[in-house]
file start.csv (CSV, C-alpha atoms)
chain,number,residue,atom,x,y,z
O,1,MET,CA,0.0,0.0,0.0
O,2,ILE,CA,2.8,2.3,0.9
O,3,PHE,CA,4.7,1.6,-2.3
O,4,LYS,CA,1.5,2.1,-4.3
O,5,THR,CA,1.0,5.5,-2.7
O,6,LEU,CA,4.6,6.5,-3.2
O,7,GLY,CA,4.3,5.4,-6.8
O,8,THR,CA,1.3,7.6,-7.3
O,9,ILE,CA,3.0,10.6,-5.8
O,10,ALA,CA,6.1,10.0,-8.0
O,11,THR,CA,3.8,9.8,-11.1
O,12,ILE,CA,2.1,13.1,-10.2
O,13,LEU,CA,5.4,14.8,-9.6
O,14,PHE,CA,6.9,13.6,-12.8
O,15,ALA,CA,3.9,14.7,-14.8
O,16,THR,CA,4.0,18.1,-13.1
O,17,LEU,CA,7.7,18.6,-13.8
O,18,SER,CA,7.6,17.3,-17.3
O,19,SER,CA,4.5,19.3,-18.4
O,20,PRO,CA,5.2,22.6,-20.1
O,21,ALA,CA,4.3,25.7,-18.1
O,22,LEU,CA,0.8,26.9,-18.7
O,23,SER,CA,0.8,30.2,-20.7
O,24,ALA,CA,-1.8,32.6,-21.9
O,25,GLN,CA,-2.1,35.4,-24.4
O,26,ILE,CA,-2.3,39.1,-23.7
O,27,VAL,CA,-3.4,41.6,-26.4
O,28,ASP,CA,-1.8,44.8,-25.6
O,29,ALA,CA,-2.5,48.5,-26.5
O,30,ALA,CA,-0.2,48.2,-29.6
O,31,GLY,CA,-2.4,45.3,-30.8
O,32,ARG,CA,0.4,42.8,-30.2
O,33,THR,CA,-0.4,39.3,-28.9
O,34,VAL,CA,2.1,38.5,-26.1
O,35,GLU,CA,2.3,34.9,-24.9
O,36,MET,CA,3.6,34.5,-21.4
O,37,ASP,CA,3.2,32.5,-18.2
O,38,LEU,CA,0.5,34.2,-16.0
O,39,PRO,CA,0.2,35.6,-13.5
O,40,ALA,CA,3.7,37.2,-13.7
O,41,LYS,CA,5.9,36.7,-10.7
O,42,ARG,CA,8.2,39.7,-11.2
O,43,VAL,CA,7.0,42.9,-12.9
O,44,ILE,CA,8.7,46.2,-13.8
O,45,LEU,CA,6.3,49.1,-14.4
O,46,GLY,CA,7.8,51.1,-17.3
O,47,GLU,CA,5.6,54.0,-16.0
O,48,ALA,CA,5.1,54.2,-12.3
O,49,ARG,CA,1.8,56.0,-12.7
O,50,GLN,CA,0.4,52.7,-13.9
O,51,VAL,CA,0.2,51.9,-10.2
O,52,HIS,CA,-3.1,53.8,-10.1
O,53,VAL,CA,-4.5,50.9,-12.0
O,54,VAL,CA,-2.6,48.1,-10.3
O,55,ALA,CA,-3.7,49.4,-6.9
O,56,ALA,CA,-7.4,49.2,-8.0
O,57,LEU,CA,-6.7,45.6,-9.0
O,58,LYS,CA,-4.5,44.3,-6.2
O,59,GLY,CA,-5.3,46.5,-3.2
O,60,ASP,CA,-3.2,45.6,-0.2
O,61,LYS,CA,-1.1,43.3,-2.4
O,62,THR,CA,-0.3,46.0,-5.0
O,63,PHE,CA,3.5,45.7,-4.6
O,64,ASP,CA,3.8,42.0,-4.0
O,65,THR,CA,5.2,41.3,-7.5
O,66,ILE,CA,6.5,44.8,-8.6
O,67,VAL,CA,10.3,44.7,-8.5
O,68,GLY,CA,11.0,48.1,-10.1
O,69,TRP,CA,9.4,51.1,-11.7
O,70,ARG,CA,10.0,54.3,-13.6
O,71,ASP,CA,10.8,57.5,-11.6
O,72,ASP,CA,7.8,59.5,-12.9
O,73,LEU,CA,5.5,59.1,-9.9
O,74,ILE,CA,7.9,60.7,-7.6
O,75,LYS,CA,8.7,63.5,-10.1
O,76,LYS,CA,5.3,64.2,-11.6
O,77,ASP,CA,2.9,63.0,-8.9
O,78,PRO,CA,4.7,63.3,-5.5
O,79,ASP,CA,1.4,63.6,-3.6
O,80,SER,CA,0.3,60.2,-4.8
O,81,TYR,CA,3.8,58.8,-4.2
O,82,ALA,CA,3.7,60.0,-0.6
O,83,ALA,CA,0.3,58.3,-0.1
O,84,TYR,CA,1.7,55.0,-1.4
O,85,VAL,CA,4.9,55.3,0.6
O,86,GLU,CA,2.9,55.9,3.8
O,87,ARG,CA,0.9,52.7,3.1
O,88,PHE,CA,3.8,50.7,1.7
O,89,PRO,CA,7.1,52.0,3.2
O,90,GLN,CA,9.2,49.4,1.4
O,91,ILE,CA,8.6,51.0,-2.0
O,92,LYS,CA,11.1,53.7,-1.1
O,93,ASP,CA,13.8,51.1,-2.0
O,94,LEU,CA,12.3,49.9,-5.3
O,95,PRO,CA,14.7,50.3,-8.1
O,96,ARG,CA,13.8,53.2,-10.4
O,97,PHE,CA,14.2,53.6,-14.1
O,98,GLY,CA,14.2,56.6,-16.5
O,99,TYR,CA,12.1,57.4,-19.5
O,100,LEU,CA,12.9,55.0,-22.4
O,101,PRO,CA,12.3,57.5,-25.3
O,102,GLN,CA,14.8,59.8,-23.7
O,103,GLY,CA,17.4,57.0,-23.5
O,104,GLU,CA,17.2,57.0,-19.7
O,105,PHE,CA,15.9,53.4,-19.2
O,106,SER,CA,18.7,51.0,-18.4
O,107,LEU,CA,17.8,47.6,-19.8
O,108,GLU,CA,20.9,46.1,-18.3
O,109,ALA,CA,19.7,47.1,-14.8
O,110,ALA,CA,16.3,45.8,-15.6
O,111,ILE,CA,17.6,42.4,-16.7
O,112,ALA,CA,19.5,42.2,-13.4
O,113,LEU,CA,16.1,42.2,-11.6
O,114,SER,CA,15.0,39.1,-13.6
O,115,PRO,CA,11.5,40.4,-14.4
O,116,ASP,CA,9.0,38.3,-16.3
O,117,VAL,CA,7.5,41.4,-18.0
O,118,ILE,CA,8.1,45.1,-18.4
O,119,THR,CA,5.0,47.3,-19.0
O,120,LEU,CA,5.6,50.4,-21.2
O,121,ASN,CA,3.3,53.2,-22.3
O,122,LEU,CA,2.3,53.1,-25.9
O,123,GLU,CA,4.1,56.3,-26.8
O,124,ALA,CA,7.4,54.4,-26.0
O,125,GLU,CA,6.8,51.7,-28.6
O,126,GLN,CA,8.6,53.4,-31.5
O,127,SER,CA,11.7,54.1,-29.3
O,128,ALA,CA,11.6,50.5,-28.0
O,129,LYS,CA,11.7,49.1,-31.5
O,130,GLU,CA,14.2,51.5,-33.0
O,131,SER,CA,16.6,51.2,-30.1
O,132,GLY,CA,16.5,47.4,-30.0
O,133,PHE,CA,14.9,47.4,-26.6
O,134,GLU,CA,12.2,45.0,-27.6
O,135,GLU,CA,14.7,42.6,-29.3
O,136,LYS,CA,17.2,42.7,-26.4
O,137,ALA,CA,14.4,42.2,-23.8
O,138,ALA,CA,13.1,39.2,-25.7
O,139,ALA,CA,16.6,37.7,-25.9
O,140,ALA,CA,16.8,38.0,-22.1
O,141,GLY,CA,13.4,36.2,-21.8
O,142,ILE,CA,11.5,39.3,-20.8
O,143,LYS,CA,8.1,40.1,-22.2
O,144,VAL,CA,7.2,43.7,-23.2
O,145,VAL,CA,3.5,44.7,-22.9
O,146,TYR,CA,2.3,48.2,-24.1
O,147,LEU,CA,-0.4,50.0,-22.2
O,148,ASP,CA,-2.3,53.2,-23.0
O,149,PHE,CA,-4.5,55.4,-20.8
O,150,ARG,CA,-3.4,58.6,-22.5
O,151,LEU,CA,-3.1,58.7,-26.3
O,152,ASP,CA,-6.4,57.1,-27.2
O,153,PRO,CA,-8.2,56.1,-24.0
O,154,ASP,CA,-11.5,55.3,-25.7
O,155,LYS,CA,-9.8,52.6,-27.7
O,156,ASN,CA,-7.2,51.3,-25.3
O,157,THR,CA,-8.2,51.9,-21.6
O,158,GLU,CA,-10.2,48.7,-21.1
O,159,ARG,CA,-7.7,46.6,-23.2
O,160,SER,CA,-4.9,48.0,-20.9
O,161,ILE,CA,-6.9,47.3,-17.7
O,162,ARG,CA,-7.6,43.8,-18.9
O,163,ALA,CA,-3.9,43.2,-19.7
O,164,LEU,CA,-2.9,44.4,-16.2
O,165,GLY,CA,-5.5,42.1,-14.8
O,166,GLN,CA,-3.9,39.2,-16.5
O,167,ILE,CA,-0.4,40.1,-15.6
O,168,PHE,CA,-1.3,40.5,-11.9
O,169,GLY,CA,-3.7,37.6,-11.7
O,170,ALA,CA,-6.7,39.8,-11.0
O,171,GLU,CA,-9.0,39.3,-14.0
O,172,GLN,CA,-12.2,39.3,-12.0
O,173,ARG,CA,-11.1,42.5,-10.2
O,174,ALA,CA,-10.4,44.1,-13.6
O,175,ASP,CA,-13.9,43.2,-14.8
O,176,LYS,CA,-15.3,44.8,-11.6
O,177,PHE,CA,-13.2,47.9,-12.0
O,178,MET,CA,-14.3,48.3,-15.7
O,179,ALA,CA,-17.9,47.9,-14.8
O,180,TYR,CA,-17.6,50.4,-12.0
O,181,ARG,CA,-16.1,53.0,-14.4
O,182,ARG,CA,-18.8,52.5,-16.9
O,183,GLN,CA,-21.5,52.9,-14.3
O,184,GLN,CA,-20.0,56.1,-12.9
O,185,ILE,CA,-19.7,57.7,-16.3
O,186,ALA,CA,-23.2,56.7,-17.2
O,187,LEU,CA,-24.5,58.8,-14.2
O,188,VAL,CA,-23.6,61.7,-16.4
O,189,THR,CA,-24.1,60.5,-20.0
O,190,ASP,CA,-27.4,58.8,-19.4
O,191,LYS,CA,-28.9,62.0,-17.9
O,192,LEU,CA,-27.5,64.2,-20.7
O,193,ALA,CA,-29.1,61.8,-23.2
O,194,THR,CA,-32.6,62.7,-21.7
O,195,VAL,CA,-32.1,66.4,-22.4
O,196,LYS,CA,-33.7,67.6,-25.6
O,197,ASP,CA,-31.7,70.2,-27.5
O,198,LEU,CA,-28.8,70.1,-25.0
O,199,LYS,CA,-26.9,73.4,-25.0
O,200,ARG,CA,-23.2,72.6,-24.8
O,201,PRO,CA,-21.1,75.5,-23.4
O,202,GLY,CA,-17.8,76.1,-25.2
O,203,VAL,CA,-14.9,75.0,-23.1
O,204,PHE,CA,-11.1,75.6,-23.4
O,205,ILE,CA,-8.9,73.2,-21.5
O,206,GLU,CA,-5.3,74.2,-21.2
O,207,ARG,CA,-2.6,71.6,-20.7
O,208,ALA,CA,-0.2,72.2,-17.8
O,209,PRO,CA,0.3,76.0,-17.9
O,210,GLY,CA,2.8,77.4,-15.5
O,211,ILE,CA,5.1,74.4,-15.5
O,212,SER,CA,7.9,75.6,-17.7
O,213,GLY,CA,9.2,78.1,-20.3
O,214,GLU,CA,7.6,81.4,-20.8
O,215,ASN,CA,4.2,80.3,-19.6
O,216,THR,CA,2.4,81.4,-22.7
O,217,CYS,CA,-1.0,80.2,-24.0
O,218,CYS,CA,-2.3,77.8,-25.4
O,219,ARG,CA,-1.4,74.1,-25.2
O,220,THR,CA,-4.5,72.0,-25.3
O,221,PHE,CA,-6.2,68.7,-26.1
O,222,GLY,CA,-7.9,67.5,-29.3
O,223,PRO,CA,-10.9,65.3,-29.5
O,224,VAL,CA,-9.5,62.6,-27.1
O,225,ASN,CA,-8.3,62.4,-23.5
O,226,PHE,CA,-9.4,65.6,-21.6
O,227,GLY,CA,-11.1,66.8,-24.8
O,228,ALA,CA,-13.3,63.8,-24.8
O,229,MET,CA,-14.1,64.1,-21.1
O,230,VAL,CA,-15.4,67.7,-21.8
O,231,GLU,CA,-17.7,66.3,-24.5
O,232,GLU,CA,-18.9,63.4,-22.3
O,233,ALA,CA,-19.7,66.0,-19.5
O,234,GLY,CA,-22.0,67.9,-21.9
O,235,GLY,CA,-19.6,70.6,-23.0
O,236,HIS,CA,-18.0,71.4,-26.3
O,237,ASN,CA,-14.2,71.3,-26.5
O,238,ILE,CA,-13.4,74.2,-28.8
O,239,ALA,CA,-10.0,72.9,-29.6
O,240,SER,CA,-11.4,69.9,-31.3
O,241,ASP,CA,-12.7,72.2,-34.1
O,242,VAL,CA,-9.1,72.8,-35.0
O,243,ILE,CA,-6.9,70.1,-33.5
O,244,LYS,CA,-7.5,66.4,-34.5
O,245,THR,CA,-4.6,64.9,-32.5
O,246,THR,CA,-4.3,64.1,-28.8
O,247,PHE,CA,-2.4,67.3,-28.0
O,248,GLY,CA,-1.9,70.5,-29.9
O,249,ASP,CA,-1.8,74.3,-29.7
O,250,LEU,CA,-4.3,77.1,-30.3
O,251,ASN,CA,-3.1,80.6,-30.9
O,252,PRO,CA,-4.5,83.3,-28.7
O,253,GLU,CA,-6.5,84.8,-31.6
O,254,GLN,CA,-8.4,81.5,-32.0
O,255,LEU,CA,-9.2,81.5,-28.3
O,256,VAL,CA,-10.6,85.1,-28.5
O,257,VAL,CA,-12.8,84.3,-31.5
O,258,SER,CA,-14.2,81.2,-29.8
O,259,ASP,CA,-14.7,83.0,-26.5
O,260,PRO,CA,-15.5,79.9,-24.4
O,261,ALA,CA,-17.9,79.9,-21.5
O,262,HIS,CA,-15.6,77.9,-19.3
O,263,ILE,CA,-11.8,77.7,-18.9
O,264,ILE,CA,-10.2,74.7,-17.3
O,265,VAL,CA,-6.4,74.3,-16.8
O,266,THR,CA,-4.7,71.1,-15.8
O,267,GLY,CA,-2.4,71.2,-12.8
O,268,SER,CA,-0.4,69.0,-10.5
O,269,ASN,CA,2.4,69.2,-7.9
O,270,TRP,CA,5.3,69.7,-10.3
O,271,ALA,CA,7.7,71.3,-7.9
O,272,ALA,CA,10.3,68.7,-8.6
O,273,GLU,CA,10.7,69.6,-12.3
O,274,SER,CA,9.2,73.0,-12.9
O,275,ASP,CA,11.5,75.9,-13.7
O,276,ILE,CA,9.0,78.7,-13.1
O,277,ASN,CA,6.6,77.2,-10.4
O,278,GLN,CA,3.5,79.0,-11.7
O,279,PHE,CA,1.4,75.8,-12.2
O,280,VAL,CA,-1.8,75.1,-10.2
O,281,PRO,CA,-0.8,72.5,-7.6
O,282,VAL,CA,-4.1,70.5,-7.4
O,283,GLY,CA,-4.1,66.9,-6.4
O,284,ARG,CA,-4.4,64.7,-3.3
O,285,GLY,CA,-4.5,66.9,-0.2
O,286,ALA,CA,-3.7,70.1,-2.2
O,287,ASP,CA,-3.5,73.6,-0.6
O,288,MET,CA,-6.7,75.2,-2.0
O,289,THR,CA,-5.7,78.7,-1.2
O,290,LEU,CA,-2.4,78.4,-3.1
O,291,ALA,CA,-4.1,76.6,-5.9
O,292,ARG,CA,-6.7,79.3,-6.3
O,293,GLU,CA,-4.0,82.1,-6.2
O,294,ARG,CA,-2.0,80.4,-8.9
O,295,LEU,CA,-5.1,79.9,-11.0
O,296,ALA,CA,-6.1,83.6,-10.7
O,297,LYS,CA,-2.5,84.6,-11.7
O,298,LEU,CA,-2.7,82.4,-14.8
O,299,MET,CA,-5.8,84.3,-15.9
O,300,THR,CA,-3.8,87.5,-16.1
O,301,ARG,CA,-2.0,86.3,-19.2
O,302,THR,CA,-2.9,87.4,-22.7
O,303,PRO,CA,-5.7,86.9,-23.8
O,304,PHE,CA,-7.5,85.6,-20.8
O,305,PRO,CA,-8.7,88.8,-19.2
O,306,GLU,CA,-10.9,89.6,-22.2
O,307,LEU,CA,-12.6,86.3,-22.3
O,308,THR,CA,-16.2,85.8,-21.1
O,309,ALA,CA,-15.3,82.8,-18.9
O,310,VAL,CA,-12.8,84.8,-16.9
O,311,LYS,CA,-15.2,87.8,-16.6
O,312,GLN,CA,-18.0,85.6,-15.3
O,313,GLY,CA,-15.7,83.5,-13.0
O,314,ASN,CA,-16.1,80.2,-14.8
O,315,VAL,CA,-12.5,79.3,-14.4
O,316,HIS,CA,-11.4,76.0,-13.0
O,317,ALA,CA,-8.4,73.7,-12.5
O,318,VAL,CA,-8.3,69.9,-12.7
O,319,TRP,CA,-5.7,67.4,-11.6
O,320,HIS,CA,-3.5,66.8,-14.6
O,321,GLN,CA,-2.8,63.1,-13.8
O,322,PHE,CA,-6.4,62.2,-14.7
O,323,TYR,CA,-5.1,62.3,-18.2
O,324,GLY,CA,-3.1,59.1,-17.7
O,325,ALA,CA,-5.2,57.1,-15.2
O,326,PRO,CA,-8.6,55.5,-15.9
O,327,TYR,CA,-10.3,57.5,-13.1
O,328,GLU,CA,-11.9,59.8,-15.7
O,329,PHE,CA,-15.3,59.3,-14.3
O,330,PHE,CA,-14.4,61.7,-11.5
O,331,PRO,CA,-13.5,64.7,-13.7
O,332,ILE,CA,-16.4,63.9,-16.1
O,333,GLN,CA,-18.8,64.2,-13.1
O,334,GLN,CA,-17.2,67.4,-11.9
O,335,PHE,CA,-17.1,68.9,-15.3
O,336,ALA,CA,-20.8,68.1,-15.7
O,337,LYS,CA,-21.6,70.0,-12.5
O,338,TRP,CA,-19.6,73.0,-13.8
O,339,PHE,CA,-21.3,73.0,-17.2
O,340,HIS,CA,-24.9,72.1,-16.1
O,341,PRO,CA,-25.2,72.9,-12.4
O,342,ASP,CA,-29.0,72.6,-12.2
O,343,LEU,CA,-29.1,69.3,-14.1
O,344,PHE,CA,-26.5,67.7,-11.8
O,345,ALA,CA,-27.3,69.4,-8.6
O,346,ASP,CA,-27.7,66.0,-6.8
O,347,LEU,CA,-24.4,64.5,-8.2
O,348,ASP,CA,-21.6,64.4,-5.6
O,349,PRO,CA,-18.3,63.6,-7.4
O,350,GLU,CA,-16.3,64.0,-4.1
O,351,LYS,CA,-18.4,61.4,-2.4
O,352,ASN,CA,-18.2,59.1,-5.4
O,353,PHE,CA,-14.4,59.3,-5.6
O,354,ALA,CA,-14.1,58.8,-1.8
O,355,ASP,CA,-16.3,55.7,-2.2
O,356,PHE,CA,-14.1,54.5,-5.0
O,357,HIS,CA,-11.1,54.7,-2.8
O,358,LYS,CA,-12.9,52.6,-0.1
O,359,GLN,CA,-14.0,50.0,-2.6
O,360,PHE,CA,-10.8,49.7,-4.7
O,361,LEU,CA,-7.7,51.4,-3.4
O,362,PRO,CA,-5.3,50.7,-0.5
O,363,VAL,CA,-4.7,54.4,0.2
O,364,SER,CA,-7.1,56.8,1.8
O,365,TYR,CA,-8.9,59.6,0.0
O,366,LYS,CA,-8.0,63.3,0.5
O,367,PRO,CA,-9.7,66.1,-1.5
O,368,GLY,CA,-7.9,68.7,-3.6
O,369,TYR,CA,-8.3,67.5,-7.2
O,370,PHE,CA,-10.2,70.5,-8.4
O,371,VAL,CA,-10.4,74.2,-7.7
O,372,SER,CA,-12.4,77.1,-9.1
O,373,LEU,CA,-12.2,80.9,-8.9
O,374,GLU,CA,-14.8,82.5,-6.9
O,375,LYS,CA,-17.6,84.2,-8.8
O,376,GLY,CA,-17.0,87.9,-9.2
O,377,VAL,CA,-13.4,87.9,-8.2
O,378,ASN,CA,-12.2,88.5,-11.7
call {"tool": "encode", "arguments": {"input": "start.csv", "output": "structure tokens"}}
result
Amino acid sequence: MIFKTLGTIATILFATLSSPALSAQIVDAAGRTVEMDLPAKRVILGEARQVHVVAALKGDKTFDTIVGWRDDLIKKDPDSYAAYVERFPQIKDLPRFGYLPQGEFSLEAAIALSPDVITLNLEAEQSAKESGFEEKAAAAGIKVVYLDFRLDPDKNTERSIRALGQIFGAEQRADKFMAYRRQQIALVTDKLATVKDLKRPGVFIERAPGISGENTCCRTFGPVNFGAMVEEAGGHNIASDVIKTTFGDLNPEQLVVSDPAHIIVTGSNWAAESDINQFVPVGRGADMTLARERLAKLMTRTPFPELTAVKQGNVHAVWHQFYGAPYEFFPIQQFAKWFHPDLFADLDPEKNFADFHKQFLPVSYKPGYFVSLEKGVN
């Protein structure tokens, strides 16, 4: 009987050891099919801000399999970085990498960490191919998966969430997260659909003013990303009449001619990399007094003082990092309240985002993601 049992165990062990590892296929944001063993045991995030998604999928286990990440979170979103360090102190020692398109990502250092996969943003694909990064990573047995929450979110956001769900073994959580996002966005779009002859106010959304250079107007968004959020919230993104790409520039004369009813600027805590420090520092736990002062100062630039939105006090700032994280339901809800205050009087974006943190994230919620000028101040 003992020999029979031992023989059975030996047979099982032999079968297990001799069988090939189970693998699965991921379709990434570049449309590539990547075959790899899942879930991954060791992951390098080629953009640290992807942690906003990983955290929604893994919660308290967010960093269990992350062995390195890019340095962008600490540079471009230090308030979020501080929140995650408070919750996961060990991440202060995670190896950091630079930006691949700028030649700052050390593949040799990455290989030394023995990752199964490196996740890169879609805009890094051309550099990864031309520099040989993809080929060298493959030779080292490392898979490369491209994600996109920025260039074409409508097309790639759910594909990217699903890919991260596979990589981190959290497919069911990914499905739940995607369903939650759709439901929260529908709180706005479904109500707008019931309005006959909806009047859409013109909106100009300026990208990251006050962060560098001469701080002139008017870098903006085309019909995707924040531009699409404006439309989903019941506004009209005036830049989409001219710009058909993700980002672009309007000249001040075009802004004057359009004379939008609302001005929104994107801001964040960019103290680590700004050379002029005139940006609006909105974000987790932001100082609203400072943010409002910075926003008011930005509206003194040409041609803002002559615009209707500024004269009427319809001037706002939104956390810039929403442009690269699939939390867009929150700005869509807040935009809708700005554009159609009577229609969305009962909508509470702050409460909804706080509830999202409780349901999905391992870090606590702190307000500060939006600020508006007080009516009549300008």
call {"tool": "closest_residue", "arguments": {"input": "start.csv", "among": "O:Ala309, O:Ile211, O:Val145, O:Cys217", "to": "Ser258 of chain O", "atoms": "only C-alpha atoms"}}
result
O:Ala309
call {"tool": "closest_residue", "arguments": {"input": "start.csv", "among": "O:Glu374, O:Asp190, O:Asp77, O:Asp249", "to": "Met288 of chain O", "atoms": "all atoms listed in the file"}}
result
O:Glu374
call {"tool": "residues_around", "arguments": {"input": "start.csv", "residues": "Pro303 of chain O", "least_positions_apart": "4", "cutoff": "12 Å", "atoms": "only C-alpha atoms", "output": "list in words"}}
result
Thr216, Cys217, Cys218, Leu250, Asn251, Pro252, Glu253, Gln254, Leu255, Val256, Val257, Ser258, Asp259, Leu298, Met299, Leu307, Thr308, Ala309, Val310 and Lys311 of chain O
call {"tool": "residues_around", "arguments": {"input": "start.csv", "residues": "Gln184 of chain O", "least_positions_apart": "3", "cutoff": "6 Å", "atoms": "only C-alpha atoms", "output": "list in words"}}
result
Arg181, Leu187 and Phe329 of chain O
call {"tool": "closest_residue", "arguments": {"input": "start.csv", "among": "O:Ala233, O:Ala138, O:Val280, O:Val117", "to": "Ala317 of chain O", "atoms": "all atoms listed in the file"}}
result
O:Val280
call {"tool": "closest_atom_pairs", "arguments": {"input": "start.csv", "of": "segment 111-172 of chain O", "to": "segment 41-51 of chain O", "cutoff": "9 Å", "atoms": "all atoms listed in the file", "output": "JSON lines"}}
result
{"residue": "O:Leu113", "atom": "CA", "partner": "O:Arg42", "partner_atom": "CA", "distance": 8.3}
{"residue": "O:Ser114", "atom": "CA", "partner": "O:Arg42", "partner_atom": "CA", "distance": 7.2}
{"residue": "O:Pro115", "atom": "CA", "partner": "O:Arg42", "partner_atom": "CA", "distance": 4.6}
{"residue": "O:Asp116", "atom": "CA", "partner": "O:Arg42", "partner_atom": "CA", "distance": 5.3}
{"residue": "O:Val117", "atom": "CA", "partner": "O:Val43", "partner_atom": "CA", "distance": 5.3}
{"residue": "O:Ile118", "atom": "CA", "partner": "O:Ile44", "partner_atom": "CA", "distance": 4.8}
{"residue": "O:Thr119", "atom": "CA", "partner": "O:Gly46", "partner_atom": "CA", "distance": 5.0}
{"residue": "O:Leu120", "atom": "CA", "partner": "O:Gly46", "partner_atom": "CA", "distance": 4.5}
{"residue": "O:Asn121", "atom": "CA", "partner": "O:Glu47", "partner_atom": "CA", "distance": 6.8}
{"residue": "O:Leu147", "atom": "CA", "partner": "O:Gln50", "partner_atom": "CA", "distance": 8.8}
{"residue": "O:Phe149", "atom": "CA", "partner": "O:Gln50", "partner_atom": "CA", "distance": 8.9}
{"residue": "O:Ile167", "atom": "CA", "partner": "O:Val43", "partner_atom": "CA", "distance": 8.4}
{"residue": "O:Phe168", "atom": "CA", "partner": "O:Lys41", "partner_atom": "CA", "distance": 8.2}
call {"tool": "atom_distance", "arguments": {"input": "start.csv", "atom1": "atom CA of Pro331 of chain O", "atom2": "atom CA of Pro367 of chain O"}}
result
12.9 Å
call {"tool": "residues_around", "arguments": {"input": "start.csv", "residues": "Gly132 of chain O", "least_positions_apart": "6", "cutoff": "12 Å", "atoms": "all atoms listed in the file", "output": "VMD selection string"}}
result
chain O and resid 100 to 101 103 107 125 to 126 138 to 139
call {"tool": "atom_distance", "arguments": {"input": "start.csv", "atom1": "atom CA of Val224 of chain O", "atom2": "atom CA of Asp154 of chain O"}}
result
7.7 Å
call {"tool": "atom_distance", "arguments": {"input": "start.csv", "atom1": "atom CA of Tyr180 of chain O", "atom2": "atom CA of Asp197 of chain O"}}
result
28.8 Å
call {"tool": "closest_residue", "arguments": {"input": "start.csv", "among": "O:Val53, O:Ser127, O:Gly169, O:Asp348", "to": "Thr65 of chain O", "atoms": "all atoms listed in the file"}}
result
O:Gly169
call {"tool": "closest_residue", "arguments": {"input": "start.csv", "among": "O:Asp28, O:Glu35, O:Asp346, O:Asp71", "to": "Asn156 of chain O", "atoms": "all atoms listed in the file"}}
result
O:Asp28
call {"tool": "closest_residue", "arguments": {"input": "start.csv", "among": "O:Ala30, O:Val318, O:Val242, O:Leu361", "to": "Ala286 of chain O", "atoms": "only C-alpha atoms"}}
result
O:Val318
call {"tool": "residues_around", "arguments": {"input": "start.csv", "residues": "Gly227 of chain O", "least_positions_apart": "5", "cutoff": "7 Å", "atoms": "all atoms listed in the file", "output": "tab-separated table (two decimals) with C-alpha atoms, in the frame of the given file"}}
result
chain	number	residue	atom	x	y	z
O	221	PHE	CA	-6.20	68.70	-26.10
O	222	GLY	CA	-7.90	67.50	-29.30
O	237	ASN	CA	-14.20	71.30	-26.50
call {"tool": "residues_around", "arguments": {"input": "start.csv", "residues": "Arg292 of chain O", "least_positions_apart": "6", "cutoff": "8 Å", "atoms": "only C-alpha atoms", "output": "PyMOL selection string"}}
result
chain O and resi 280+371-373
call {"tool": "build_atoms", "arguments": {"input": "start.csv", "residues": "segment 64-75 of chain O", "atoms": "N, CA and C atoms", "output": "compact mmCIF listing (two decimals), in the coordinates of the input"}}
result
# COMPACT_ATOMS: atom_id res chain seq x y z
N ASP O 64 3.29 43.35 -4.28
CA ASP O 64 3.80 42.00 -4.00
C ASP O 64 4.73 41.49 -5.13
N THR O 65 4.43 41.84 -6.38
CA THR O 65 5.20 41.30 -7.50
C THR O 65 5.90 42.41 -8.33
N ILE O 66 5.82 43.66 -7.88
CA ILE O 66 6.50 44.80 -8.60
C ILE O 66 7.93 44.84 -8.06
N VAL O 67 8.91 44.68 -8.95
CA VAL O 67 10.30 44.70 -8.50
C VAL O 67 11.07 45.92 -8.98
N GLY O 68 10.40 46.82 -9.71
CA GLY O 68 11.00 48.10 -10.10
C GLY O 68 9.99 48.89 -10.87
N TRP O 69 10.27 50.20 -10.99
CA TRP O 69 9.40 51.10 -11.70
C TRP O 69 10.07 52.33 -12.17
N ARG O 70 9.41 53.04 -13.07
CA ARG O 70 10.00 54.30 -13.60
C ARG O 70 9.91 55.35 -12.48
N ASP O 71 10.69 56.40 -12.62
CA ASP O 71 10.80 57.50 -11.60
C ASP O 71 9.74 58.56 -11.76
N ASP O 72 8.76 58.37 -12.64
CA ASP O 72 7.80 59.50 -12.90
C ASP O 72 6.87 59.78 -11.82
N LEU O 73 6.48 58.80 -11.00
CA LEU O 73 5.50 59.10 -9.90
C LEU O 73 6.10 60.07 -8.94
N ILE O 74 7.33 59.86 -8.54
CA ILE O 74 7.90 60.70 -7.60
C ILE O 74 8.22 62.14 -8.12
N LYS O 75 8.42 62.23 -9.44
CA LYS O 75 8.70 63.50 -10.10
C LYS O 75 7.44 64.27 -10.47
